[in-house]
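Below is work_12.cif, which holds mmCIF, C-alpha atoms and all ligand atoms.
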```
data_my_file
loop_
_atom_site.label_atom_id
_atom_site.label_comp_id
_atom_site.auth_asym_id
_atom_site.auth_seq_id
_atom_site.Cartn_x
_atom_site.Cartn_y
_atom_site.Cartn_z
CA MET W 1 76.49 104.53 117.73
CA THR W 2 78.84 104.05 114.78
CA GLN W 3 81.38 101.32 115.42
CA GLN W 4 84.91 102.75 115.43
CA PHE W 5 88.15 100.81 115.45
CA ASP W 6 91.82 101.60 115.43
CA ASP W 7 94.29 99.55 113.37
CA THR W 8 96.60 99.23 116.37
CA GLY W 9 94.01 96.97 117.98
CA ASP W 10 94.28 99.27 121.01
CA GLY W 11 90.56 99.90 121.07
CA PRO W 12 88.28 102.75 120.16
CA LEU W 13 89.44 105.99 118.60
CA PRO W 14 89.65 109.12 120.76
CA ALA W 15 86.52 111.25 121.06
CA ALA W 16 86.08 114.06 118.54
CA SER W 17 88.41 117.00 119.25
CA SER W 18 87.67 120.60 118.31
CA GLU W 19 89.79 119.99 115.19
CA ALA W 20 87.49 117.09 114.30
CA VAL W 21 84.28 118.99 115.00
CA SER W 22 85.34 121.80 112.63
CA PHE W 23 85.98 119.28 109.82
CA HIS W 24 84.37 120.59 106.65
CA HIS W 25 84.91 119.03 103.25
CA VAL W 26 82.55 119.38 100.29
CA PRO W 27 82.32 115.95 98.59
CA VAL W 28 83.44 116.10 94.97
CA MET W 29 81.17 114.88 92.12
CA CYS W 30 78.76 113.55 94.72
CA ALA W 31 75.85 113.12 92.28
CA GLU W 32 78.05 111.21 89.83
CA VAL W 33 79.45 109.00 92.62
CA LEU W 34 75.92 108.23 93.81
CA ASP W 35 74.89 107.52 90.26
CA ALA W 36 77.74 105.02 89.95
CA LEU W 37 76.90 103.24 93.21
CA MET W 38 73.11 103.41 92.89
CA GLU W 39 72.80 100.03 91.15
CA ALA W 40 75.04 98.22 93.64
CA PRO W 41 73.40 95.20 95.27
CA ALA W 42 72.38 95.55 98.95
CA GLY W 43 75.27 95.06 101.36
CA VAL W 44 78.42 96.89 102.46
CA VAL W 45 80.05 99.73 100.54
CA LEU W 46 83.73 100.25 101.29
CA ASP W 47 84.65 103.94 101.49
CA ALA W 48 88.43 103.54 101.47
CA THR W 49 89.04 107.27 102.13
CA VAL W 50 86.03 108.25 104.23
CA GLY W 51 87.49 111.67 105.18
CA GLY W 52 84.72 113.95 106.41
CA GLY W 53 82.07 111.37 105.48
CA GLY W 54 80.30 113.46 102.83
CA HIS W 55 80.11 110.74 100.18
CA ALA W 56 79.36 108.12 102.83
CA GLU W 57 76.47 110.19 104.18
CA ALA W 58 75.02 110.57 100.67
CA VAL W 59 75.21 106.82 100.06
CA LEU W 60 73.66 105.95 103.43
CA THR W 61 70.84 108.44 102.86
CA ALA W 62 70.07 107.38 99.29
CA ARG W 63 70.22 103.63 99.90
CA PRO W 64 68.83 102.38 103.24
CA ASP W 65 69.82 98.82 102.25
CA LEU W 66 73.54 99.72 102.18
CA SER W 67 75.93 100.08 105.08
CA VAL W 68 79.37 101.67 104.93
CA LEU W 69 82.79 100.49 106.03
CA GLY W 70 84.81 103.72 106.18
CA LEU W 71 88.60 103.68 106.32
CA ASP W 72 90.95 106.60 106.82
CA ARG W 73 94.42 106.92 108.23
CA ASP W 74 93.73 110.34 109.71
CA ASP W 75 92.37 110.13 113.25
CA ALA W 76 90.87 113.65 113.12
CA ALA W 77 88.89 112.74 110.00
CA LEU W 78 87.54 109.56 111.56
CA ALA W 79 86.55 111.26 114.80
CA ALA W 80 84.61 113.93 112.89
CA THR W 81 82.99 111.37 110.61
CA GLY W 82 81.91 109.32 113.60
CA GLU W 83 79.91 112.33 114.81
CA ARG W 84 78.51 113.13 111.38
CA LEU W 85 77.34 109.59 110.69
CA ALA W 86 76.21 108.76 114.24
CA ARG W 87 72.54 108.82 113.26
CA PHE W 88 73.05 105.84 110.95
CA GLY W 89 73.97 103.69 113.96
CA ASP W 90 75.32 100.24 113.17
CA ARG W 91 75.06 100.81 109.42
CA VAL W 92 78.48 102.46 109.77
CA ILE W 93 81.79 100.89 110.72
CA LEU W 94 84.83 103.19 110.86
CA HIS W 95 88.32 101.78 110.97
CA ARG W 96 91.61 103.63 111.15
CA SER W 97 93.78 102.15 108.45
CA ALA W 98 95.67 102.99 105.29
CA PHE W 99 93.96 101.47 102.28
CA GLY W 100 97.30 99.84 101.53
CA ASP W 101 96.31 97.45 104.33
CA LEU W 102 92.84 96.90 102.91
CA SER W 103 92.76 93.16 103.27
CA ALA W 104 93.85 93.25 106.93
CA ALA W 105 91.43 96.08 107.68
CA MET W 106 88.47 94.23 106.20
CA ASP W 107 89.41 91.03 107.97
CA ALA W 108 89.77 92.95 111.26
CA VAL W 109 86.17 94.17 111.12
CA GLY W 110 84.78 90.93 109.67
CA VAL W 111 83.72 92.21 106.24
CA GLU W 112 84.51 89.68 103.52
CA ARG W 113 82.68 90.84 100.40
CA ILE W 114 81.49 94.27 99.37
CA SER W 115 78.68 95.60 97.17
CA GLY W 116 80.60 98.70 96.18
CA PHE W 117 83.69 100.74 96.80
CA LEU W 118 84.82 104.34 96.60
CA PHE W 119 88.32 105.78 96.71
CA ASP W 120 88.33 109.60 96.86
CA LEU W 121 92.06 110.18 96.70
CA GLY W 122 94.37 112.82 98.09
CA VAL W 123 93.87 115.26 100.94
CA SER W 124 90.72 116.68 102.44
CA SER W 125 90.00 120.41 102.78
CA PRO W 126 90.48 120.38 106.58
CA GLN W 127 93.91 118.78 106.21
CA LEU W 128 94.83 121.67 103.92
CA ASP W 129 93.07 124.31 106.01
CA HIS W 130 94.62 123.50 109.41
CA ALA W 131 98.04 125.15 109.08
CA ASP W 132 99.42 123.01 111.91
CA ARG W 133 99.11 119.90 109.67
CA GLY W 134 101.77 121.41 107.40
CA PHE W 135 99.99 120.75 104.06
CA SER W 136 99.34 124.39 103.19
CA TYR W 137 101.60 126.59 101.10
CA ARG W 138 99.48 129.59 101.98
CA GLU W 139 100.08 129.67 105.74
CA ALA W 140 103.05 129.08 108.03
CA GLY W 141 103.03 125.67 109.66
CA PRO W 142 105.41 122.87 110.60
CA LEU W 143 106.93 120.77 107.81
CA ASP W 144 104.71 117.80 108.62
CA MET W 145 102.18 116.68 105.91
CA ARG W 146 101.49 113.29 107.54
CA MET W 147 97.95 111.99 107.15
CA ASP W 148 98.69 109.43 109.85
CA ARG W 149 100.47 111.35 112.57
CA ARG W 150 101.91 108.15 114.04
CA GLN W 151 104.22 107.61 111.08
CA GLN W 152 107.90 108.55 111.24
CA LEU W 153 108.55 110.24 107.88
CA THR W 154 107.56 113.92 107.79
CA ALA W 155 107.98 116.67 105.23
CA ALA W 156 110.85 118.02 107.36
CA GLU W 157 112.92 114.94 106.57
CA VAL W 158 112.17 115.14 102.83
CA VAL W 159 112.91 118.88 102.68
CA ASN W 160 115.94 118.99 104.96
CA GLU W 161 117.57 115.57 104.53
CA TYR W 162 116.95 114.19 101.01
CA ASP W 163 119.88 114.85 98.71
CA GLU W 164 119.39 117.19 95.78
CA ASP W 165 118.90 114.37 93.24
CA ASP W 166 116.26 112.63 95.34
CA LEU W 167 114.40 115.85 96.02
CA ALA W 168 114.38 116.74 92.31
CA ARG W 169 113.15 113.21 91.50
CA VAL W 170 110.23 113.57 93.96
CA LEU W 171 109.20 116.88 92.37
CA ARG W 172 109.41 115.50 88.83
CA TRP W 173 107.72 112.15 89.50
CA TYR W 174 104.87 113.29 91.66
CA ALA W 175 104.09 116.71 90.20
CA ASP W 176 105.71 116.87 86.74
CA GLU W 177 107.50 119.97 88.08
CA ARG W 178 109.46 121.48 85.17
CA HIS W 179 111.72 123.42 87.51
CA ALA W 180 112.44 120.46 89.79
CA ARG W 181 116.23 120.79 89.63
CA ARG W 182 116.27 124.54 90.31
CA ILE W 183 113.86 124.15 93.23
CA ALA W 184 115.82 121.25 94.73
CA ARG W 185 119.10 123.20 94.43
CA THR W 186 117.58 126.29 96.06
CA VAL W 187 116.07 124.30 98.92
CA VAL W 188 119.28 122.35 99.61
CA ALA W 189 121.33 125.58 99.65
CA ALA W 190 118.95 127.20 102.17
CA ARG W 191 118.85 124.36 104.72
CA PRO W 192 117.64 124.05 107.37
CA VAL W 193 114.20 125.14 106.11
CA ALA W 194 112.12 126.03 109.14
CA ASP W 195 108.49 125.84 108.05
CA THR W 196 105.98 125.73 105.18
CA ALA W 197 106.08 129.50 104.65
CA GLU W 198 109.85 129.45 104.16
CA LEU W 199 109.56 126.47 101.80
CA ALA W 200 106.85 128.20 99.73
CA GLU W 201 109.01 131.32 99.46
CA LEU W 202 112.11 129.32 98.43
CA VAL W 203 110.09 127.59 95.69
CA ARG W 204 108.74 130.92 94.49
CA SER W 205 112.23 132.40 94.32
CA ALA W 206 113.58 129.35 92.41
CA ILE W 207 111.01 129.54 89.62
CA PRO W 208 111.75 131.96 86.75
CA ALA W 209 109.53 135.06 86.92
CA PRO W 210 107.50 134.42 83.71
CA ALA W 211 106.63 130.86 84.88
CA ARG W 212 105.55 132.19 88.30
CA ARG W 213 102.69 134.03 86.67
CA ARG W 214 101.17 130.87 85.14
CA GLY W 215 99.22 127.96 86.62
CA GLY W 216 98.29 129.05 90.14
CA HIS W 217 100.52 129.33 93.21
CA PRO W 218 104.16 128.58 92.30
CA ALA W 219 104.58 126.24 95.30
CA LYS W 220 101.44 124.19 94.60
CA ARG W 221 103.17 121.39 92.68
CA THR W 222 106.11 121.17 95.08
CA PHE W 223 103.77 120.79 98.08
CA GLN W 224 101.74 118.16 96.22
CA ALA W 225 104.86 116.16 95.38
CA ILE W 226 106.27 116.26 98.92
CA ARG W 227 102.89 115.29 100.36
CA ILE W 228 102.69 112.28 98.00
CA GLU W 229 106.22 111.24 99.00
CA VAL W 230 105.55 111.63 102.74
CA ASN W 231 102.35 109.59 102.60
CA GLY W 232 103.49 107.05 100.00
CA GLU W 233 100.23 107.86 98.23
CA LEU W 234 100.89 106.20 94.89
CA ASP W 235 102.59 103.10 96.31
CA GLN W 236 99.41 101.75 97.86
CA LEU W 237 96.92 102.50 95.14
CA ALA W 238 97.27 99.68 92.59
CA GLY W 239 97.17 96.88 95.17
CA ALA W 240 94.25 98.42 97.04
CA VAL W 241 92.16 98.88 93.88
CA ASP W 242 92.87 95.27 92.86
CA GLU W 243 91.87 94.00 96.29
CA ALA W 244 88.67 96.05 96.31
CA ILE W 245 87.72 94.66 92.88
CA ARG W 246 88.48 91.15 94.07
CA ARG W 247 86.18 91.60 97.05
CA LEU W 248 83.23 92.94 95.00
CA VAL W 249 80.17 90.70 94.72
CA PRO W 250 78.85 90.09 91.18
CA GLY W 251 77.03 93.21 90.05
CA GLY W 252 78.99 95.26 92.62
CA ARG W 253 80.13 98.76 91.63
CA GLY W 254 83.44 100.50 92.15
CA ALA W 255 84.37 104.18 91.80
CA VAL W 256 87.67 106.04 92.09
CA LEU W 257 88.06 109.82 92.13
CA SER W 258 91.58 110.98 91.33
CA TYR W 259 93.02 114.48 91.17
CA HIS W 260 96.23 114.29 89.17
CA SER W 261 97.63 112.35 86.26
CA GLY W 262 99.88 110.09 88.39
CA GLU W 263 96.91 108.76 90.34
CA ASP W 264 94.65 108.51 87.32
CA ARG W 265 97.23 106.55 85.30
CA ILE W 266 97.37 103.89 88.01
CA VAL W 267 93.57 103.68 88.33
CA LYS W 268 93.10 103.44 84.56
CA HIS W 269 95.74 100.72 84.31
CA GLN W 270 94.23 98.61 87.11
CA PHE W 271 90.70 99.00 85.72
CA ASP W 272 91.90 98.13 82.20
CA ARG W 273 93.64 95.04 83.50
CA ALA W 274 90.57 93.93 85.42
CA ALA W 275 88.37 94.58 82.38
CA THR W 276 90.55 92.45 80.07
CA GLY W 277 91.53 89.88 82.69
CA GLY W 278 95.11 90.65 81.67
CA CYS W 279 94.44 89.40 78.11
CA ALA W 280 97.53 89.79 75.93
CA CYS W 281 95.99 88.59 72.64
CA PRO W 282 96.45 90.83 69.58
CA PRO W 283 93.80 93.55 69.40
CA ARG W 284 90.83 92.90 67.07
CA LEU W 285 91.32 89.09 67.26
CA PRO W 286 89.17 86.88 69.49
CA CYS W 287 90.80 86.17 72.85
CA ALA W 288 92.60 82.83 72.79
CA CYS W 289 94.51 83.09 76.06
CA GLY W 290 91.59 82.29 78.34
CA ALA W 291 91.83 85.55 80.28
CA GLN W 292 88.73 86.19 82.41
CA PRO W 293 87.51 89.79 82.76
CA LEU W 294 86.54 90.72 86.31
CA VAL W 295 84.75 93.98 85.51
CA VAL W 296 83.21 96.07 82.79
CA MET W 297 84.08 99.74 82.68
CA ALA W 298 81.23 102.21 82.52
CA ARG W 299 82.93 104.90 80.39
CA ARG W 300 86.44 104.34 79.23
CA ALA W 301 87.44 107.99 79.55
CA GLY W 302 85.86 108.42 82.97
CA ARG W 303 83.87 111.48 83.97
CA THR W 304 84.88 115.01 84.95
CA PRO W 305 82.87 117.51 86.98
CA GLY W 306 80.36 119.84 85.40
CA GLU W 307 81.37 123.45 84.82
CA ALA W 308 79.33 124.76 87.73
CA GLU W 309 80.95 122.40 90.25
CA ALA W 310 84.47 123.03 88.91
CA GLU W 311 83.91 126.75 89.32
CA ALA W 312 82.30 126.56 92.75
CA ASN W 313 84.80 124.09 94.24
CA PRO W 314 88.43 124.52 93.12
CA ARG W 315 89.26 121.08 94.57
CA ALA W 316 86.86 119.51 92.06
CA ALA W 317 88.40 121.17 89.01
CA SER W 318 91.02 118.47 88.38
CA ALA W 319 88.84 115.50 89.41
CA ARG W 320 88.31 112.44 87.22
CA LEU W 321 85.88 109.70 88.19
CA ARG W 322 86.35 106.17 86.87
CA THR W 323 83.84 103.43 87.58
CA VAL W 324 83.53 99.68 87.09
CA GLU W 325 80.92 96.98 87.51
CA ARG W 326 81.94 93.54 88.70
CA VAL W 327 80.86 90.81 86.28
CA GLU W 328 79.09 87.60 87.26
CA ARG W 329 81.98 85.36 88.03
CA PRO W 330 82.86 83.51 91.22
CA VAL W 331 85.85 84.89 93.12
CA GLU W 332 88.72 82.52 93.74
CA ALA W 333 90.36 82.43 97.14
CA ALA W 334 93.12 85.04 97.54
C1 LIG W 401 89.56 113.68 99.55
S1 LIG W 401 89.46 113.16 101.18
C2 LIG W 401 87.98 112.20 101.23
C3 LIG W 401 86.76 113.03 101.44
C4 LIG W 401 85.48 112.23 101.57
N1 LIG W 401 85.14 111.52 100.37
C5 LIG W 401 84.33 113.13 102.00
O1 LIG W 401 83.30 113.16 101.33
O2 LIG W 401 84.47 113.79 103.04
C6 LIG W 401 90.67 111.93 101.22
C7 LIG W 401 90.83 111.25 102.56
O3 LIG W 401 91.56 110.06 102.31
C8 LIG W 401 92.49 109.85 103.34
N2 LIG W 401 93.56 109.06 102.76
C9 LIG W 401 94.42 109.41 101.80
N3 LIG W 401 95.22 108.39 101.49
C10 LIG W 401 94.84 107.35 102.26
C11 LIG W 401 95.27 106.01 102.39
N4 LIG W 401 96.27 105.52 101.68
N5 LIG W 401 94.62 105.22 103.26
C12 LIG W 401 93.57 105.69 104.00
N6 LIG W 401 93.14 106.96 103.93
C13 LIG W 401 93.75 107.78 103.07
C14 LIG W 401 92.90 111.24 103.78
O4 LIG W 401 93.34 111.22 105.13
C15 LIG W 401 91.60 112.03 103.60
O5 LIG W 401 90.87 112.09 104.79
#
```

Could you write out this structure as structure tokens?
Amino acid sequence: MTQQFDDTGDGPLPAASSEAVSFHHVPVMCAEVLDALMEAPAGVVLDATVGGGGHAEAVLTARPDLSVLGLDRDDAALAATGERLARFGDRVILHRSAFGDLSAAMDAVGVERISGFLFDLGVSSPQLDHADRGFSYREAGPLDMRMDRRQQLTAAEVVNEYDEDDLARVLRWYADERHARRIARTVVAARPVADTAELAELVRSAIPAPARRRGGHPAKRTFQAIRIEVNGELDQLAGAVDEAIRRLVPGGRGAVLSYHSGEDRIVKHQFDRAATGGCACPPRLPCACGAQPLVVMARRAGRTPGEAEAEANPRAASARLRTVERVERPVEAA
């Protein structure tokens, strides 16, 4: 049996529901992720966004000397993953937690150091596909979009209660939406917005006709931005990546898959900082400030999926994988 825990401390997670059993998510850039983690020393790999367990399963299969600590804040994902990874027995620990609480989550399950980590950011296909989760602009569903359905803030509050300025700011910051102001004005004027279908239609009507014909579904960016706001997705990332690097053993490997520029900027910045140790010396001069690099970066620009994968799996098309290797240096206490 996989070991499953809930961050409330209230005991095991509920058994897999039909929603969990039908959980299907194709892991993105799986070969490249495996490649990155293949040289990790034996031990525990943290999968900070275990989702449907596709990457975790690949790691457990390829490396019998690794076990996986899988976190997710979505109970349906964890229940499904528990079933999928059951055959690996006690090589798998699943814990319901946001990766923003990484340190507490690792302490709760008694894992101090890790051999590797993976963050595969954003939403999973089942979250998008189940209309009742409210993530989809293609089908009618409630304005929800919570990954953790215990949290208070829902998309309904963002859509129906944020003032026009705040709504426009969310759309600009989290999706670079060029028509943020027009969309925000249209939404505010139409309140109360009842569901995702009405929201998608309002966004479509707010965008000028020529722009509607470019770049996929007109509501795609608005839904992405609201989802990021509801789940505080970018707020947790920098601290969690830092903590995961800090917990890596020497020679340990880390990988982050991001899907839009806001996420990737944060990952690149944290990796750069860890790779320079925060060195502020002038470029091209030897370091005189005593900064100590924690990692080396495998490829500065990261990796993107091959053409075949990007074509076969639309979710993969915008993916960027960045990886690091922890250098031989003792870790100070936190
Ligand atoms: C892209 S999916 C991961 C898919 C997974 N790699 C697989 O192969 O099935 C992202 C998952 O991360 C979870 N997630 C997103 N943000 C999170 C956070 N801050 N803390 C914990 N889980 C998070 C989502 O609930 C979702 O299940």

*Please work out which residues fall within 10 Å of (115.3, 123.3, 105.4), coordinates as given in the file, with only C-alpha atoms counting, and return them as a count of residues only.*
21

*Might you pull out every residue within 12 Å of Ala31 in chain W, with all atoms listed in the file counted and same-chain residues fewer than 6 positions away left off, and present them as a PyMOL selection string?*
chain W and resi 37-38+54-55+58-59+62+303-306+309+321

Given all atoms listed in the file, how would the per-residue table for chain W near ligand LIG 401 (chain W) read, listing every residue at most 8 Å away with its closest atom pair and distance in Å to one decimal, sorted by chain and number, as CSV?
```
residue,atom,partner,partner_atom,distance
W:His24,CA,W:LIG401,O2,7.7
W:His25,CA,W:LIG401,O2,5.3
W:Val26,CA,W:LIG401,O1,6.4
W:Pro27,CA,W:LIG401,O1,4.0
W:Val28,CA,W:LIG401,O1,7.0
W:Asp47,CA,W:LIG401,N1,7.7
W:Ala48,CA,W:LIG401,C12,6.1
W:Thr49,CA,W:LIG401,O3,3.8
W:Val50,CA,W:LIG401,C4,4.8
W:Gly51,CA,W:LIG401,O5,3.4
W:Gly52,CA,W:LIG401,O2,3.4
W:Gly53,CA,W:LIG401,O2,4.2
W:Gly54,CA,W:LIG401,O1,3.4
W:His55,CA,W:LIG401,O1,4.2
W:Ala56,CA,W:LIG401,O1,6.6
W:Glu57,CA,W:LIG401,O1,8.0
W:Leu71,CA,W:LIG401,C12,5.8
W:Asp72,CA,W:LIG401,N6,3.6
W:Arg73,CA,W:LIG401,C12,4.5
W:Asp74,CA,W:LIG401,O4,4.7
W:Ala77,CA,W:LIG401,O5,5.6
W:Leu78,CA,W:LIG401,O5,8.0
W:Arg96,CA,W:LIG401,C12,7.7
W:Ser97,CA,W:LIG401,C12,5.7
W:Ala98,CA,W:LIG401,N5,3.2
W:Phe99,CA,W:LIG401,N5,3.9
W:Gly100,CA,W:LIG401,N4,5.8
W:Phe119,CA,W:LIG401,N1,7.5
W:Asp120,CA,W:LIG401,C1,5.0
W:Leu121,CA,W:LIG401,C6,5.0
W:Gly122,CA,W:LIG401,C6,4.9
W:Val123,CA,W:LIG401,C6,4.6
W:Ser124,CA,W:LIG401,S1,3.9
W:Ser125,CA,W:LIG401,S1,7.4
W:Gln127,CA,W:LIG401,O5,7.5
W:Met147,CA,W:LIG401,O4,5.1
W:Asp148,CA,W:LIG401,O4,7.4
W:Asn231,CA,W:LIG401,N3,7.3
W:Gly232,CA,W:LIG401,N4,7.6
W:Glu233,CA,W:LIG401,N4,5.7
W:Gln236,CA,W:LIG401,N4,6.2
W:Leu237,CA,W:LIG401,N4,7.2
```

Would you compute, for all listed atoms of range 310-329 of chain W, the axis-aligned bounding box grown by 8 Å on each side, and then report its centre and edge lengths in Å rounded to one decimal, as lines of an AutoDock Vina configuration file?
```
center_x = 85.1
center_y = 106.1
center_z = 90.4
size_x = 27.9
size_y = 57.4
size_z = 24.3
```

Using only C-alpha atoms - which residues lie no farther than 12 Å from the point (75.1, 100.3, 113.8) in the file's frame? Write them as a compact mmCIF listing (two decimals) with C-alpha atoms, in the frame of the given file.
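Saved file point32.txt follows:
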```
# COMPACT_ATOMS: atom_id res chain seq x y z
CA MET W 1 76.49 104.53 117.73
CA THR W 2 78.84 104.05 114.78
CA GLN W 3 81.38 101.32 115.42
CA GLN W 4 84.91 102.75 115.43
CA LEU W 60 73.66 105.95 103.43
CA LEU W 66 73.54 99.72 102.18
CA SER W 67 75.93 100.08 105.08
CA VAL W 68 79.37 101.67 104.93
CA LEU W 69 82.79 100.49 106.03
CA GLY W 82 81.91 109.32 113.60
CA LEU W 85 77.34 109.59 110.69
CA ALA W 86 76.21 108.76 114.24
CA ARG W 87 72.54 108.82 113.26
CA PHE W 88 73.05 105.84 110.95
CA GLY W 89 73.97 103.69 113.96
CA ASP W 90 75.32 100.24 113.17
CA ARG W 91 75.06 100.81 109.42
CA VAL W 92 78.48 102.46 109.77
CA ILE W 93 81.79 100.89 110.72
CA LEU W 94 84.83 103.19 110.86
```

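Minimum atom-to-atom distances from W:Thr222, W:Ser136, W:Pro282, W:Leu34 to Arg169 in chain W were compared using all atoms listed in the file, and the lowest value belongs to W:Thr222.
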
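CA of Ser258 in chain W is positioned 14.7 Å from CA of Arg300 in chain W.
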
_One decimal, in Å: what's the spacing between CA of Asp272 in chain W and CA of Ala240 in chain W?_
15.0 Å

*Skip Arg146 in chain W itself and residues of its chain fewer than 6 positions away, then list as a PyMOL selection string all residues within 8 Å of it, counting all atoms listed in the file.*
chain W and resi 133+153-155+227+230-231

*Provide the CA of Arg299 in chain W to CA of Gly254 in chain W distance in Å, to one decimal place.*
12.6 Å

*Skip range 204-208 of chain W itself and residues of its chain fewer than 2 positions away, then list as a PyMOL selection string all residues within 9 Å of it, counting all atoms listed in the file.*
chain W and resi 179+182-187+199-202+210-212+217-219

*Hey, what's within 7 Å of Gly277 in chain W if we count only C-alpha atoms and toss same-chain stuff fewer than 3 positions away? As a PyMOL selection string, please?*
chain W and resi 273-274+291-294

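Proximity to Ala42 in chain W was assessed for W:Ile114, W:Met145, W:Ala131, W:Cys279 counting only C-alpha atoms; the smallest distance is recorded for W:Ile114.
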